[in-house]
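A.B. asks: One structure, pasted below without further comment.
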Amino acid sequence: MNVRSRFALLMVVLGAAAAAGMGCGSDEKPKVILSVDAFWNESPATVDDTGYQLSIDAFWPDRAASCFSLPADLHVTVNDKQVPLMIEGNCGGESLVYVNGFQQNVPVTIRLEGGGQVMGDAVFDDMFPGAGPFLVSPADGQAKPGDPLVVQLPLPPKQDFAYAEFFWMEPPAGVPPYHTSGKGTLAADGSTFQVMAPTTAGRAAMVVKILSSDAFQAATSCTGFDSCHGVPETGTLGPFSIDVVP
């Protein structure tokens with residue numbers, strides 16, 4: 001079962017539990033569940049979108065039965081980015097949005113807002129644990145084609161499997177963002193990964209893809225939501241700024 005499937009299953013369980021605790025005629029504040037999934041964006045629409053991506057799911061488990069109203073200006077603010085939430089019909093109970101461009105392992109603050117009020121607030125730490133200073137060589141990121149690029153692995157991968165991707169930051173005019181990949185080798189003890197610098201010259205954001213275990217993570221703080229859960233991206237290391245010079 002993949003991450004999204006497990007996440008969907010978790011939401012069904014949480015939604016059923018929430019619905020069981022609130023009747024249609026209750027005057028209580030509507031229950032809302034927040035789920036956040038982090039992953040590396042493999043197809044950035046722009047160079048600025050290169051990085052990690054969050055999928056943010058707000059779910060009102062009781063709305064399908066009671067059709068209560070929600071603010072017309074409903075949105076989430078993710079750190080400094082505001083994204084509107086779109087909900088189908090008068091009784092829809094879920095909205096899924098995506099936020100791009102995370103390149104560092106910064107805390108993520110998510111606020112659910114509408115009608116001039118903050119309806120929920122959550123903070124997630126360590127959603128991008130691979131975004132650390134793991135590039136060993138070259139220290140300054142500058143290399144010639146064929147030079148070895150060495151990355152320290154904070155933990156040995158689950159299997160003897162790893163490869164590199166290079167997201168080119170200066171594509172030619174008229175060419176959409178693209179990436180190339182490179183095979184590499186793992187050290188016998190799984191502590192480092194080495195790949196040769198590509199033949200293409202220019203600046204790239206390099207990441208190393210590994211197989212790892214997925215785990216749900218509770219929010220550091222969760223206010224206004226009935227639950228706040230996340231899935232960190234644990235299968236990507238980087239990005240590392242690489243400059244391939246002729």
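In the structure tokens, the first chain shown is A, the next is B, and so on; residue numbers restart at 1 for each chain, and ligands run from 1 in the order shown.
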Just asking: which residues within stretch 110-236 of chain A are strand (DSSP E or B) according to DSSP, as a ChimeraX atom specification?
C.D. replies: /A:110-114,117-124,135-137,142-143,148-152,162-168,179-186,192-196,202-210,217-218,221-223,227-231,236
A.B. asks: Tell me, as a PyMOL selection string, which residues lie within 8 Å of A:Pro176, counting only C-alpha atoms; anything in the same chain fewer than 4 positions away does not count.
C.D. replies: chain A and resi 45-46+171
A.B. asks: The selected residues should be written to file as a CSV table (one decimal), in the first residue's frame (atoms: C-alpha atoms).
C.D. replies:
```csv
chain,number,residue,atom,x,y,z
A,45,ALA,CA,6.0,23.9,-13.4
A,46,THR,CA,8.7,26.6,-12.9
A,171,PRO,CA,16.9,25.9,-18.8
```
A.B. asks: Nearest residue to A:Arg203 out of A:Leu237, A:Val244, A:Met127, A:Val231, using only C-alpha atoms?
C.D. replies: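 Of the candidates, the smallest distance to A:Arg203 is held by A:Val244.
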A.B. asks: Could you check how far atom CA of A:Val123 sits from atom CA of A:Lys31, in Å to one decimal?
C.D. replies: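 Between these atoms lies a distance of 18.5 Å.
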A.B. asks: Using only C-alpha atoms, determine which residues lie at most 8 Å from A:Phe102, disregarding the query and same-chain residues fewer than 3 positions distant; provide the list as a ChimeraX atom specification.
C.D. replies: /A:50-53,105
A.B. asks: Between A:Gly89, A:Gly235, A:Pro148, A:Pro172, which has the minimum distance to A:Ser69 (counting only C-alpha atoms)?
C.D. replies: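 Selected residue with least distance to A:Ser69: A:Gly89.
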A.B. asks: Please return as a PyMOL selection string: the residues of stretch 55-223 of chain A that backbone DSSP assigns to helix (DSSP H, G or I).
C.D. replies: chain A and resi 63-66
A.B. asks: Can you write out the residues you just picked, keeping N, CA and C atoms, as a PDB file, in the first residue's frame?
C.D. replies:
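Once written, result_18.pdb looks like this:
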```pdb
ATOM      1  N   ARG A  63     -19.994  17.115   7.390  1.00  0.00           N
ATOM      2  CA  ARG A  63     -20.666  18.061   6.493  1.00  0.00           C
ATOM      3  C   ARG A  63     -21.565  17.366   5.469  1.00  0.00           C
ATOM      4  N   ALA A  64     -21.208  16.162   5.062  1.00  0.00           N
ATOM      5  CA  ALA A  64     -22.045  15.457   4.091  1.00  0.00           C
ATOM      6  C   ALA A  64     -23.450  15.205   4.639  1.00  0.00           C
ATOM      7  N   ALA A  65     -23.560  15.019   5.957  1.00  0.00           N
ATOM      8  CA  ALA A  65     -24.862  14.728   6.561  1.00  0.00           C
ATOM      9  C   ALA A  65     -25.626  15.987   6.943  1.00  0.00           C
ATOM     10  N   SER A  66     -24.927  17.019   7.418  1.00  0.00           N
ATOM     11  CA  SER A  66     -25.621  18.204   7.939  1.00  0.00           C
ATOM     12  C   SER A  66     -25.558  19.416   7.028  1.00  0.00           C
TER      13      SER A  66
END
```
A.B. asks: Find, counting only C-alpha atoms, the residue in A:Ser35, A:Ser191, A:Thr77, A:Asn100 that gets nearest to A:Phe225.
C.D. replies: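 Answer, going by the shortest atom-to-atom distance: A:Ser35.
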A.B. asks: From the options A:Gln104, A:Asn41, A:Thr200, A:Thr236, which residue's atoms come nearest to A:Tyr163, counting only C-alpha atoms?
C.D. replies: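 The closest residue to A:Tyr163 is A:Thr236.
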A.B. asks: Can you pull out every residue within 8 Å of A:Gln217, counting only C-alpha atoms, but drop anything in the same chain fewer than 5 positions away, and send it as a list of chain:residue names?
C.D. replies: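 The residues that qualify are A:His229, A:Gly230, A:Val231, A:Pro232.
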A.B. asks: Pick the closest to A:Leu85 from A:Gly184, A:Gly101, A:Gly114, A:Gly130: which is it, counting only C-alpha atoms?
C.D. replies: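 Of A:Gly184, A:Gly101, A:Gly114, A:Gly130, the one nearest A:Leu85, counting only C-alpha atoms, is A:Gly114.
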A.B. asks: Which residues of stretch 183-236 of chain A come within 8 Å of stretch 150-160 of chain A, and what is each one's closest atom pair and distance in Å (one decimal), counting only C-alpha atoms, sorted by chain and residue number, as a Markdown table?
C.D. replies:
```
| residue | atom | partner | partner_atom | distance |
| --- | --- | --- | --- | --- |
| A:Leu186 | CA | A:Asp160 | CA | 7.2 |
| A:Asp189 | CA | A:Pro156 | CA | 7.5 |
| A:Gly190 | CA | A:Pro156 | CA | 4.7 |
| A:Ser191 | CA | A:Leu153 | CA | 5.2 |
| A:Thr192 | CA | A:Gln152 | CA | 4.4 |
| A:Phe193 | CA | A:Val151 | CA | 5.2 |
| A:Gln194 | CA | A:Val150 | CA | 4.5 |
| A:Val195 | CA | A:Val150 | CA | 6.7 |
| A:Ile210 | CA | A:Pro157 | CA | 6.1 |
| A:Leu211 | CA | A:Lys158 | CA | 5.7 |
| A:Ser212 | CA | A:Lys158 | CA | 5.5 |
| A:Ser213 | CA | A:Lys158 | CA | 7.4 |
```
A.B. asks: Would you save the residues from that selection as a PDB file, in the first residue's frame, using C-alpha atoms?
C.D. replies:
```pdb
ATOM      1  CA  LEU A 186      26.588   3.086  -2.288  1.00  0.00           C
ATOM      2  CA  ASP A 189      28.351   0.221   4.907  1.00  0.00           C
ATOM      3  CA  GLY A 190      25.607   2.398   3.372  1.00  0.00           C
ATOM      4  CA  SER A 191      27.096   5.572   4.830  1.00  0.00           C
ATOM      5  CA  THR A 192      27.722   7.449   1.576  1.00  0.00           C
ATOM      6  CA  PHE A 193      26.492   7.624  -2.002  1.00  0.00           C
ATOM      7  CA  GLN A 194      28.705   8.625  -4.941  1.00  0.00           C
ATOM      8  CA  VAL A 195      27.702   9.685  -8.445  1.00  0.00           C
ATOM      9  CA  ILE A 210      16.585   6.193  -1.638  1.00  0.00           C
ATOM     10  CA  LEU A 211      14.130   3.595  -0.392  1.00  0.00           C
ATOM     11  CA  SER A 212      13.034   4.338   3.167  1.00  0.00           C
ATOM     12  CA  SER A 213      10.285   3.597   5.643  1.00  0.00           C
TER      13      SER A 213
END
```
A.B. asks: What gap, in Å, lies between atom CA of A:Val97 and atom CA of A:Gly115?
C.D. replies: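 Distance between the two atoms: 19.3 Å.
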A.B. asks: Using Å and a single decimal, report how far atom CA of A:Val208 sits from atom CA of A:Asp49.
C.D. replies: 17.9 Å
